[in-house]
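Dropping work.txt in here (compact mmCIF, C-alpha atoms):
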# COMPACT_ATOMS: atom_id res chain seq x y z
CA MET A 211 -13.12 43.46 41.36
CA LYS A 212 -13.45 40.78 38.69
CA ILE A 213 -14.19 42.07 35.19
CA ARG A 214 -15.74 39.72 32.64
CA GLY A 215 -17.31 40.28 29.25
CA THR A 216 -17.29 43.66 27.50
CA LEU A 217 -15.46 46.40 29.35
CA THR A 218 -17.54 49.47 30.01
CA LEU A 219 -14.89 51.40 31.93
CA ILE A 220 -11.35 52.25 31.06
CA SER A 221 -9.59 50.69 34.01
CA THR A 222 -6.18 49.51 35.02
CA PHE A 223 -4.22 48.69 38.09
CA VAL A 224 -1.52 50.76 39.68
CA LEU A 225 1.43 49.29 41.53
CA ALA A 226 1.91 51.27 44.74
CA THR A 227 4.26 51.04 47.67
CA ALA A 228 3.08 50.71 51.26
CA THR A 229 3.44 54.47 51.53
CA LEU A 230 0.09 55.98 50.70
CA ILE A 231 0.24 57.77 47.37
CA THR A 232 -2.69 59.65 45.90
CA PHE A 233 -2.89 59.77 42.15
CA THR A 234 -4.69 62.68 40.52
CA ALA A 235 -5.05 62.63 36.77
CA THR A 236 -6.58 65.39 34.71
CA ALA A 237 -7.00 65.27 30.95
CA GLN A 238 -7.69 68.28 28.78
CA ALA A 239 -9.53 67.88 25.49
CA SER A 240 -6.50 69.06 23.55
CA ARG A 241 -4.00 67.22 25.74
CA PRO A 242 -4.59 63.45 26.09
CA LEU A 243 -3.61 61.79 29.34
CA SER A 244 -0.67 59.41 29.16
CA LEU A 245 0.42 57.19 32.02
CA ALA A 246 3.18 54.58 31.72
CA LEU A 247 2.21 51.72 34.03
CA PRO A 248 4.28 48.62 34.83
CA SER A 249 2.89 45.35 33.59
CA GLN A 250 1.10 43.17 36.16
CA PRO A 251 0.49 39.44 36.50
CA ALA A 252 -2.61 38.40 34.58
CA PHE A 253 -4.42 37.29 37.76
CA ALA A 254 -3.49 40.18 40.09
CA LEU A 255 -7.01 41.54 40.16
CA GLN A 256 -6.88 42.40 43.84
CA SER A 257 -4.09 41.69 46.27
CA SER A 258 -2.24 43.13 49.21
CA ASN A 259 1.15 41.97 50.51
CA LEU A 260 0.89 38.69 48.58
CA GLU A 261 2.76 38.42 45.30
CA LEU A 262 1.94 35.96 42.51
CA ILE A 263 4.97 33.82 41.66
CA GLY A 264 3.51 31.07 39.47
CA HIS A 265 0.26 29.55 38.24
CA ILE A 266 -1.00 26.45 36.44
CA ASN A 267 -4.45 25.47 35.27
CA ILE A 268 -5.50 21.92 36.06
CA SER A 269 -8.26 19.65 34.91
CA GLY A 270 -11.36 19.48 37.10
CA ILE A 271 -12.54 21.47 40.11
CA ALA A 272 -9.62 21.96 42.50
CA ARG A 273 -10.84 21.24 46.03
CA ALA A 274 -7.79 20.56 48.22
CA VAL A 275 -4.01 20.83 48.07
CA VAL A 276 -1.07 19.30 49.97
CA VAL A 277 2.59 20.10 49.33
CA ARG A 278 5.44 17.70 50.07
CA GLY A 279 8.95 18.49 48.87
CA ASP A 280 8.97 19.40 45.18
CA TYR A 281 5.37 18.34 44.56
CA ALA A 282 1.89 19.67 45.11
CA TYR A 283 -0.94 17.12 45.22
CA VAL A 284 -4.37 18.44 44.27
CA ALA A 285 -7.70 16.71 44.85
CA ALA A 286 -9.57 17.72 41.72
CA ASP A 287 -13.14 16.48 42.03
CA SER A 288 -14.07 14.21 39.11
CA SER A 289 -10.55 14.60 37.67
CA GLY A 290 -8.99 12.72 40.57
CA LEU A 291 -5.51 13.35 41.96
CA ARG A 292 -3.20 15.75 40.08
CA VAL A 293 0.56 15.82 40.75
CA ILE A 294 2.32 19.16 40.13
CA ASN A 295 6.09 19.69 40.18
CA VAL A 296 6.66 22.99 42.00
CA SER A 297 10.47 22.84 42.23
CA ASN A 298 10.46 25.96 40.06
CA PRO A 299 7.65 27.95 41.66
CA ALA A 300 7.54 30.41 38.76
CA SER A 301 6.75 27.59 36.35
CA PRO A 302 4.80 24.70 37.95
CA VAL A 303 4.27 21.65 35.72
CA GLU A 304 1.78 18.80 35.99
CA VAL A 305 3.80 15.60 35.80
CA GLY A 306 1.21 12.93 36.59
CA PHE A 307 -2.35 12.17 37.65
CA TYR A 308 -4.58 9.37 38.82
CA ASP A 309 -8.20 9.58 37.69
CA THR A 310 -10.05 8.15 40.69
CA PRO A 311 -13.43 6.47 40.12
CA GLY A 312 -15.26 8.83 42.49
CA VAL A 313 -15.08 12.52 43.36
CA SER A 314 -11.82 13.58 45.01
CA TYR A 315 -12.60 15.97 47.87
CA GLY A 316 -9.51 15.76 50.07
CA VAL A 317 -5.95 14.44 50.09
CA GLU A 318 -3.18 13.71 52.57
CA VAL A 319 0.33 12.53 51.73
CA ARG A 320 2.85 10.51 53.74
CA GLY A 321 5.95 8.86 52.37
CA ASP A 322 5.27 7.12 49.07
CA TYR A 323 1.49 7.24 49.41
CA ALA A 324 -1.32 9.69 48.82
CA TYR A 325 -4.56 9.07 50.70
CA VAL A 326 -7.51 10.45 48.78
CA ALA A 327 -11.01 11.06 50.15
CA ASP A 328 -12.83 10.07 46.99
CA GLY A 329 -16.52 10.32 47.85
CA THR A 330 -17.28 6.62 47.82
CA ALA A 331 -13.97 5.39 49.24
CA LEU A 332 -10.60 6.09 50.77
CA ARG A 333 -8.10 5.44 47.98
CA ILE A 334 -4.43 4.78 48.70
CA ILE A 335 -2.21 5.70 45.77
CA ASN A 336 1.48 4.95 45.37
CA ILE A 337 3.21 8.16 44.29
CA SER A 338 6.83 6.96 44.44
CA ASN A 339 6.90 7.63 40.70
CA PRO A 340 5.12 11.01 40.45
CA ALA A 341 4.68 10.60 36.70
CA SER A 342 2.73 7.38 37.13
CA PRO A 343 0.64 7.21 40.33
CA VAL A 344 -1.09 3.87 40.89
CA GLN A 345 -3.77 2.77 43.34
CA VAL A 346 -2.63 0.04 45.71
CA GLY A 347 -5.55 -0.18 48.12
CA SER A 348 -8.96 1.23 49.01
CA TYR A 349 -11.63 1.16 51.69
CA THR A 350 -15.20 1.62 50.52
CA THR A 351 -17.76 3.55 52.53
CA VAL A 352 -20.29 6.31 51.85
CA GLY A 353 -19.70 10.05 51.63
CA VAL A 354 -15.94 10.34 52.24
CA TYR A 355 -15.09 14.06 52.32
CA ASP A 356 -11.72 14.35 54.06
CA VAL A 357 -8.83 12.34 55.49
CA ALA A 358 -6.17 12.88 58.18
CA LEU A 359 -3.33 10.58 59.23
CA SER A 360 -1.80 9.64 62.56
CA GLY A 361 0.44 6.63 63.07
CA ASN A 362 -1.04 3.54 61.47
CA TYR A 363 -4.49 5.08 61.14
CA ALA A 364 -6.42 7.21 58.70
CA TYR A 365 -9.33 9.20 60.10
CA LEU A 366 -12.13 9.87 57.65
CA ALA A 367 -14.78 12.57 57.75
CA VAL A 368 -17.80 10.87 56.21
CA TYR A 369 -21.29 12.24 55.70
CA ASN A 370 -22.63 10.78 58.97
CA GLY A 371 -19.62 10.52 61.27
CA LEU A 372 -16.00 9.47 61.80
CA TRP A 373 -14.36 6.34 60.40
CA VAL A 374 -11.00 5.02 61.66
CA ILE A 375 -9.08 2.92 59.13
CA ASN A 376 -5.96 0.86 59.87
CA VAL A 377 -3.58 1.62 56.99
CA SER A 378 -0.48 -0.15 58.32
CA ASN A 379 -0.71 -2.26 55.17
CA PRO A 380 -1.57 0.24 52.41
CA ALA A 381 -2.62 -2.56 50.10
CA SER A 382 -5.22 -3.81 52.57
CA PRO A 383 -6.77 -1.04 54.72
CA VAL A 384 -9.16 -2.24 57.43
CA GLY A 385 -12.01 -0.30 59.04
CA VAL A 386 -11.70 -0.62 62.83
CA PHE A 387 -14.09 1.98 64.28
CA PHE A 388 -17.06 4.16 63.38
CA TYR A 389 -18.77 6.90 65.38
CA GLY A 390 -21.99 8.48 64.12
CA THR A 391 -22.30 12.22 64.71
CA SER A 392 -24.75 15.04 64.23
CA GLY A 393 -24.27 17.41 61.32
CA ILE A 394 -22.41 16.56 58.12
CA PRO A 395 -18.69 16.13 58.83
CA GLU A 396 -16.84 18.17 56.23
CA ALA A 397 -13.24 17.91 57.44
CA VAL A 398 -11.06 16.09 59.96
CA THR A 399 -7.86 17.17 61.75
CA VAL A 400 -5.58 15.23 64.09
CA SER A 401 -3.43 17.04 66.67
CA GLY A 402 -1.66 15.07 69.37
CA LEU A 403 -4.19 12.94 71.21
CA TYR A 404 -7.23 14.66 69.74
CA VAL A 405 -9.28 14.44 66.55
CA TYR A 406 -11.33 17.47 65.48
CA LEU A 407 -14.28 16.83 63.20
CA ALA A 408 -15.79 19.92 61.54
CA ALA A 409 -19.47 19.14 61.03
CA LEU A 410 -21.04 22.26 59.47
CA ASP A 411 -24.13 23.38 61.44
CA ALA A 412 -23.30 20.94 64.27
CA GLY A 413 -20.00 22.71 64.97
CA VAL A 414 -16.84 20.84 65.98
CA HIS A 415 -16.79 17.35 67.52
CA VAL A 416 -13.66 16.50 69.53
CA PHE A 417 -12.42 12.94 70.15
CA PHE A 418 -9.73 11.61 72.49
CA ILE A 419 -7.49 9.01 70.80
CA LEU A 420 -5.30 7.60 73.56
CA ASN A 421 -6.34 4.33 71.93
CA PRO A 422 -6.18 5.37 68.25
CA ALA A 423 -8.37 2.49 67.15
CA SER A 424 -11.16 3.49 69.51
CA PRO A 425 -11.66 7.28 69.83
CA VAL A 426 -13.79 8.61 72.67
CA LYS A 427 -15.94 11.64 71.96
CA ILE A 428 -15.36 14.20 74.72
CA LEU A 429 -17.33 17.24 73.54
CA SER A 430 -19.04 19.16 70.77
CA TYR A 431 -18.54 22.89 70.31
CA ASP A 432 -21.36 24.55 68.36
CA THR A 433 -19.93 27.56 66.57
CA LEU A 434 -22.25 30.37 65.50
CA GLY A 435 -21.70 29.70 61.80
CA TRP A 436 -21.02 26.48 59.92
CA ALA A 437 -17.78 24.73 60.85
CA TYR A 438 -16.00 23.74 57.63
CA HIS A 439 -12.46 23.06 58.83
CA VAL A 440 -10.15 23.16 61.86
CA ALA A 441 -6.40 23.77 62.14
CA VAL A 442 -4.59 23.37 65.46
CA SER A 443 -1.34 24.89 66.69
CA GLY A 444 -0.17 24.85 70.30
CA ASN A 445 -2.99 25.82 72.66
CA TYR A 446 -5.35 27.06 69.96
CA ALA A 447 -7.76 25.63 67.42
CA TYR A 448 -8.62 27.82 64.45
CA VAL A 449 -12.05 27.15 62.96
CA ALA A 450 -13.07 28.19 59.46
CA ASP A 451 -16.67 28.92 60.31
CA ALA A 452 -18.06 30.36 57.06
CA VAL A 453 -18.74 33.79 58.57
CA GLY A 454 -15.22 34.07 59.91
CA LEU A 455 -12.22 32.64 61.70
CA ARG A 456 -12.83 31.55 65.30
CA VAL A 457 -9.94 31.12 67.71
CA LEU A 458 -10.57 28.55 70.45
CA ASP A 459 -8.39 27.95 73.50
CA VAL A 460 -8.07 24.16 73.71
CA SER A 461 -5.27 24.08 76.30
CA ASN A 462 -7.53 22.56 78.95
CA LEU A 463 -9.10 19.70 77.03
CA PRO A 464 -11.14 17.72 77.89
CA ALA A 465 -12.60 20.83 79.52
CA PHE A 466 -14.83 22.86 77.21
CA PRO A 467 -12.84 25.19 74.91
CA ALA A 468 -13.25 28.95 75.17
CA GLU A 469 -13.53 31.24 72.17
CA VAL A 470 -10.88 33.92 72.67
CA GLY A 471 -10.81 35.61 69.28
CA PHE A 472 -12.76 36.10 66.06
CA TYR A 473 -12.08 37.62 62.65
CA ASN A 474 -15.00 38.41 60.36
CA MET A 475 -14.28 37.22 56.83
CA PRO A 476 -15.13 39.74 54.09
CA GLY A 477 -16.56 37.01 51.88
CA GLY A 478 -18.45 35.23 54.67
CA ASN A 479 -17.37 31.92 53.15
CA ALA A 480 -14.38 30.69 55.17
CA MET A 481 -13.97 27.05 54.13
CA ARG A 482 -10.41 25.97 54.93
CA VAL A 483 -7.69 27.21 57.26
CA THR A 484 -3.97 26.52 57.60
CA VAL A 485 -1.76 27.78 60.41
CA SER A 486 1.99 28.43 60.24
CA GLU A 487 3.86 30.23 63.02
CA GLU A 488 1.93 33.41 63.86
CA TYR A 489 -0.23 33.39 60.74
CA THR A 490 -3.39 31.66 59.63
CA TYR A 491 -4.31 31.41 55.97
CA VAL A 492 -8.03 31.21 55.26
CA ALA A 493 -9.66 30.14 51.99
CA ASP A 494 -12.61 32.54 51.84
CA GLY A 495 -14.27 31.37 48.64
CA PRO A 496 -15.05 34.25 46.23
CA ALA A 497 -13.19 36.68 48.54
CA GLY A 498 -9.92 34.83 47.95
CA LEU A 499 -7.12 33.99 50.36
CA ARG A 500 -6.97 35.99 53.60
CA MET A 501 -3.77 36.02 55.66
CA ILE A 502 -4.40 36.69 59.35
CA ASN A 503 -1.86 37.47 62.07
CA VAL A 504 -2.86 35.57 65.21
CA ALA A 505 0.21 36.33 67.32
CA THR A 506 -2.31 37.86 69.71
CA PRO A 507 -5.12 35.27 69.56
CA ALA A 508 -7.67 37.65 71.07
CA SER A 509 -7.08 40.21 68.31
CA PRO A 510 -6.58 38.61 64.89
CA VAL A 511 -5.47 41.12 62.24
CA GLU A 512 -5.50 40.72 58.47
CA VAL A 513 -2.05 41.39 56.99
CA GLY A 514 -2.59 40.33 53.38
CA PHE A 515 -4.99 38.93 50.82
CA TYR A 516 -5.03 37.58 47.29
CA ASP A 517 -8.25 37.33 45.32
CA THR A 518 -8.16 34.38 42.94
CA PRO A 519 -10.38 34.60 39.83
CA VAL A 520 -13.33 32.45 40.91
CA SER A 521 -13.31 30.83 44.37
CA THR A 522 -10.40 30.02 46.71
CA MET A 523 -10.93 26.47 47.99
CA ASP A 524 -7.83 25.47 49.99
CA VAL A 525 -4.35 26.59 50.97
CA ALA A 526 -1.07 24.92 51.93
CA VAL A 527 2.01 26.68 53.29
CA GLY A 528 5.62 25.74 52.56
CA GLU A 529 8.90 27.16 53.75
CA ASN A 530 8.93 30.10 51.34
CA TYR A 531 5.69 29.94 49.39
CA ILE A 532 1.93 29.74 49.80
CA TYR A 533 0.00 27.32 47.57
CA VAL A 534 -3.62 28.14 46.81
CA VAL A 535 -6.18 26.29 44.71
CA ASP A 536 -9.02 28.05 42.93
CA SER A 537 -12.08 26.00 42.00
CA GLN A 538 -11.86 26.77 38.28
CA GLU A 539 -8.41 28.27 37.71
CA GLY A 540 -6.03 25.73 39.25
CA LEU A 541 -2.97 26.25 41.45
CA PHE A 542 -1.51 29.64 42.42
CA ILE A 543 1.88 29.99 44.07
CA LEU A 544 2.25 33.14 46.17
CA ARG A 545 4.86 34.81 48.33
CA PHE A 546 4.31 37.09 51.33
CA VAL A 547 5.98 40.44 50.68
CA PRO A 548 4.88 42.76 53.50
CA HIS A 549 4.70 46.46 52.68
CA ARG A 550 5.94 45.91 49.18
CA TYR A 551 3.10 45.69 46.71
CA LEU A 552 -0.46 46.89 46.70
CA TYR A 553 -2.74 46.74 43.69
CA LEU A 554 -5.28 49.55 43.57
CA PRO A 555 -7.98 50.06 40.93
CA LEU A 556 -7.65 53.34 39.03
CA VAL A 557 -10.33 54.67 36.71
CA LEU A 558 -9.12 57.35 34.32
CA ARG A 559 -11.57 60.18 33.74
CA SER A 560 -11.52 63.45 31.88
CA THR A 561 -12.43 66.68 33.66
CA PRO A 562 -14.06 69.64 31.97
Structure encoded using structure tokens:
Amino acid sequence: MKIRGTLTLISTFVLATATLITFTATAQASRPLSLALPSQPAFALQSSNLELIGHINISGIARAVVVRGDYAYVAADSSGLRVINVSNPASPVEVGFYDTPGVSYGVEVRGDYAYVADGTALRIINISNPASPVQVGSYTTVGVYDVALSGNYAYLAVYNGLWVINVSNPASPVGVFFYGTSGIPEAVTVSGLYVYLAALDAGVHVFFILNPASPVKILSYDTLGWAYHVAVSGNYAYVADAVGLRVLDVSNLPAFPAEVGFYNMPGGNAMRVTVSEEYTYVADGPAGLRMINVATPASPVEVGFYDTPVSTMDVAVGENYIYVVDSQEGLFILRFVPHRYLYLPLVLRSTP
């Protein structure tokens, strides 16, 4: 529950263990109720099994996040690329930024370069000095929403299809292939010899890239919702499909994938998904981050959630921490602590 403006209820949050505890509070007119409650993080409005470690506000609307080493790179809409030092997760610090000319929707990082999907172009930014990022190359096209890397190529999700850009020379990227698709491609993922293009109401388009410079479209899978993003691990593709998380068996490509599991998102706004080991992490917009156990792909189970203040847009997973961006409130650094903390709303009332 998010509370804004004038409070009309006396409310607080109780820290409880995984063991179910029922609190009963009765106040007599002549005997005021007094409860000593531990202090909570300012943003822990609702959470389960995910603990807030650190937070930083950033300029702009945070849309995407990538973490490499001690740094988080955030695509921040009209505020460009923001570089955050997360070596101390309890106290992240912005150390640099590059204000791109367009609208930064997506980012990927490899080596000394960040590749930013900037609306009107792919921008290649040298980040070898995190305090002073500088653009070294760009490729102009229309409606660039996301970028993925494989070998010498960048794959772009653009408003009307898939672009393949040779980035072997970051200072001089060259467009080598375009494929027009149905729908509006929102995100692109590369896994092995396949490219997955999430295209909203047109579902997921899959390309074979034995020749990386000339992908061959092998199929389209029309999900029931709107396909916003795809993450792939092993034999399974996990699709953030607005209404929920869809688990597709892609072990027999180019044969048609089979949906083997589904998890209905409480917010109905699943936009991005990341997979790490047996867990998927889904950015569910106003319903926050949802952590789903997919060890049994046919039966996904939610094991934790963290509700950011406005809208959870993207998530990246490191060795020990989970990095989440909220559209208006910046970067949140979380840790999975199963069966440790649970925040429950408690309203204190008097009884006659």
Could you name the residues that touch Tyr489 of chain A at 7 Å or less, counting all atoms listed in the file, but leaving out those on the same chain fewer than 4 positions away, as a tab-separated table (two decimals) with C-alpha atoms, in the coordinates of the input?
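As a result, around02.tsv now contains:
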chain	number	residue	atom	x	y	z
A	485	VAL	CA	-1.76	27.78	60.41
A	501	MET	CA	-3.77	36.02	55.66
A	502	ILE	CA	-4.40	36.69	59.35
A	503	ASN	CA	-1.86	37.47	62.07
A	504	VAL	CA	-2.86	35.57	65.21
| Using all atoms listed in the file, what residues lie at most 9 Å away from (-8.7, 19.0, 50.4) (file coordinates), given as a PyMOL selection string? | chain A and resi 272-276+284-286+314-318+326-327+355-357+397+482+523-525
| said: Show me, as a PyMOL selection string, the residues that have an atom within 7 Å of Gly435 of chain A when counting only C-alpha atoms, minus same-chain residues fewer than 6 positions from it. | reply: chain A and resi 411+451-453
Restrict the selected residues to C-alpha atoms and save them as a PDB file, in the frame of the given file.
ATOM      1  CA  ASP A 411     -24.130  23.380  61.440  1.00  0.00           C
ATOM      2  CA  ASP A 451     -16.670  28.920  60.310  1.00  0.00           C
ATOM      3  CA  ALA A 452     -18.060  30.360  57.060  1.00  0.00           C
ATOM      4  CA  VAL A 453     -18.740  33.790  58.570  1.00  0.00           C
TER       5      VAL A 453
END
| said: So, with only C-alpha atoms as the atoms that count, which of A:Ile532, A:Ala367, A:Ser297, A:Ser360 lies closest to Thr330 of chain A? | reply: A:Ala367
| Any idea what the distance is between atom CA of Asp432 of chain A and atom CA of Asn474 of chain A? |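 These two atoms are separated by 17.2 Å.
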| Hey, what's within 8 Å of Val457 of chain A if we count all atoms listed in the file and toss same-chain stuff fewer than 4 positions away? As a ChimeraX atom specification, please? | /A:446-449,469-472,507-508
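Closest approach to Glu396 of chain A among A:Leu291, A:Ile337, A:Leu429, A:Ala437 is made by A:Ala437 (distances from only C-alpha atoms).
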| Proximity to Tyr491 of chain A - best of A:Asn379, A:Thr351, A:Thr522, A:Thr310, only C-alpha atoms | A:Thr522
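The space separating atom CA of Ala465 of chain A from atom CA of Ile428 of chain A comes to 8.6 Å.
In this model, the gap between atom CA of Pro340 of chain A and atom CA of Ser382 of chain A comes to 21.8 Å.
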| message | What's around Leu410 of chain A at 7 Å? Count all atoms listed in the file, leave out sequence neighbours fewer than 4 positions away in its own chain, and write the answer as a ChimeraX atom specification. | response | /A:393-396,436-438
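Distances to Glu512 of chain A were evaluated for A:Asn445, A:Asn462, A:Asn336, A:Thr490 using all atoms listed in the file, and the minimum falls at A:Thr490.
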Extract segment 393-459 of chain A from the structure I just pasted (atoms: C-alpha atoms) and return it as a PDB file, in the first residue's frame.
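Saved to decode.pdb:
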ATOM      1  CA  GLY A 393       4.086  -5.567 -33.962  1.00  0.00           C
ATOM      2  CA  ILE A 394       6.325  -3.003 -32.280  1.00  0.00           C
ATOM      3  CA  PRO A 395       9.579  -4.636 -31.147  1.00  0.00           C
ATOM      4  CA  GLU A 396      10.136  -3.586 -27.545  1.00  0.00           C
ATOM      5  CA  ALA A 397      13.160  -5.684 -26.573  1.00  0.00           C
ATOM      6  CA  VAL A 398      15.793  -7.992 -28.038  1.00  0.00           C
ATOM      7  CA  THR A 399      17.682 -10.931 -26.501  1.00  0.00           C
ATOM      8  CA  VAL A 400      20.485 -13.073 -27.924  1.00  0.00           C
ATOM      9  CA  SER A 401      21.045 -16.634 -26.701  1.00  0.00           C
ATOM     10  CA  GLY A 402      23.415 -18.932 -28.554  1.00  0.00           C
ATOM     11  CA  LEU A 403      22.406 -19.071 -32.199  1.00  0.00           C
ATOM     12  CA  TYR A 404      19.039 -17.392 -31.695  1.00  0.00           C
ATOM     13  CA  VAL A 405      17.708 -13.851 -31.398  1.00  0.00           C
ATOM     14  CA  TYR A 406      14.393 -13.286 -29.617  1.00  0.00           C
ATOM     15  CA  LEU A 407      12.492 -10.131 -30.480  1.00  0.00           C
ATOM     16  CA  ALA A 408       9.627  -9.223 -28.119  1.00  0.00           C
ATOM     17  CA  ALA A 409       7.077  -7.369 -30.232  1.00  0.00           C
ATOM     18  CA  LEU A 410       4.140  -6.545 -27.935  1.00  0.00           C
ATOM     19  CA  ASP A 411       0.825  -7.720 -29.452  1.00  0.00           C
ATOM     20  CA  ALA A 412       2.681  -9.673 -32.169  1.00  0.00           C
ATOM     21  CA  GLY A 413       4.347 -11.912 -29.577  1.00  0.00           C
ATOM     22  CA  VAL A 414       7.924 -13.154 -29.932  1.00  0.00           C
ATOM     23  CA  HIS A 415       9.817 -13.373 -33.231  1.00  0.00           C
ATOM     24  CA  VAL A 416      12.728 -15.840 -33.282  1.00  0.00           C
ATOM     25  CA  PHE A 417      15.713 -15.586 -35.656  1.00  0.00           C
ATOM     26  CA  PHE A 418      18.505 -18.051 -36.430  1.00  0.00           C
ATOM     27  CA  ILE A 419      21.934 -16.360 -36.554  1.00  0.00           C
ATOM     28  CA  LEU A 420      24.336 -19.019 -37.817  1.00  0.00           C
ATOM     29  CA  ASN A 421      25.443 -16.149 -40.042  1.00  0.00           C
ATOM     30  CA  PRO A 422      25.258 -13.278 -37.524  1.00  0.00           C
ATOM     31  CA  ALA A 423      25.155 -10.656 -40.252  1.00  0.00           C
ATOM     32  CA  SER A 424      22.126 -12.229 -41.894  1.00  0.00           C
ATOM     33  CA  PRO A 425      19.554 -13.627 -39.414  1.00  0.00           C
ATOM     34  CA  VAL A 426      16.842 -15.947 -40.708  1.00  0.00           C
ATOM     35  CA  LYS A 427      13.426 -15.671 -39.134  1.00  0.00           C
ATOM     36  CA  ILE A 428      12.248 -19.159 -38.166  1.00  0.00           C
ATOM     37  CA  LEU A 429       9.004 -18.525 -36.287  1.00  0.00           C
ATOM     38  CA  SER A 430       6.708 -16.174 -34.402  1.00  0.00           C
ATOM     39  CA  TYR A 431       5.055 -17.174 -31.139  1.00  0.00           C
ATOM     40  CA  ASP A 432       1.939 -15.128 -30.367  1.00  0.00           C
ATOM     41  CA  THR A 433       1.544 -14.989 -26.603  1.00  0.00           C
ATOM     42  CA  LEU A 434      -1.876 -14.264 -25.111  1.00  0.00           C
ATOM     43  CA  GLY A 435      -0.771 -10.915 -23.686  1.00  0.00           C
ATOM     44  CA  TRP A 436       1.740  -8.366 -24.946  1.00  0.00           C
ATOM     45  CA  ALA A 437       5.328  -9.613 -25.131  1.00  0.00           C
ATOM     46  CA  TYR A 438       7.585  -6.961 -23.576  1.00  0.00           C
ATOM     47  CA  HIS A 439      10.792  -8.894 -22.940  1.00  0.00           C
ATOM     48  CA  VAL A 440      12.413 -12.342 -23.127  1.00  0.00           C
ATOM     49  CA  ALA A 441      15.131 -13.949 -20.999  1.00  0.00           C
ATOM     50  CA  VAL A 442      16.606 -17.329 -21.931  1.00  0.00           C
ATOM     51  CA  SER A 443      18.334 -19.937 -19.787  1.00  0.00           C
ATOM     52  CA  GLY A 444      19.050 -23.499 -20.888  1.00  0.00           C
ATOM     53  CA  ASN A 445      16.014 -25.054 -22.566  1.00  0.00           C
ATOM     54  CA  TYR A 446      13.574 -22.338 -21.545  1.00  0.00           C
ATOM     55  CA  ALA A 447      12.583 -18.847 -22.629  1.00  0.00           C
ATOM     56  CA  TYR A 448      10.851 -16.678 -20.050  1.00  0.00           C
ATOM     57  CA  VAL A 449       8.518 -14.072 -21.523  1.00  0.00           C
ATOM     58  CA  ALA A 450       7.348 -10.991 -19.643  1.00  0.00           C
ATOM     59  CA  ASP A 451       3.910 -10.881 -21.205  1.00  0.00           C
ATOM     60  CA  ALA A 452       2.195  -8.042 -19.311  1.00  0.00           C
ATOM     61  CA  VAL A 453      -0.413 -10.321 -17.732  1.00  0.00           C
ATOM     62  CA  GLY A 454       2.231 -12.700 -16.445  1.00  0.00           C
ATOM     63  CA  LEU A 455       5.374 -14.739 -16.896  1.00  0.00           C
ATOM     64  CA  ARG A 456       5.226 -17.385 -19.628  1.00  0.00           C
ATOM     65  CA  VAL A 457       7.667 -20.284 -19.664  1.00  0.00           C
ATOM     66  CA  LEU A 458       8.401 -21.664 -23.137  1.00  0.00           C
ATOM     67  CA  ASP A 459      10.316 -24.845 -23.919  1.00  0.00           C
TER      68      ASP A 459
END
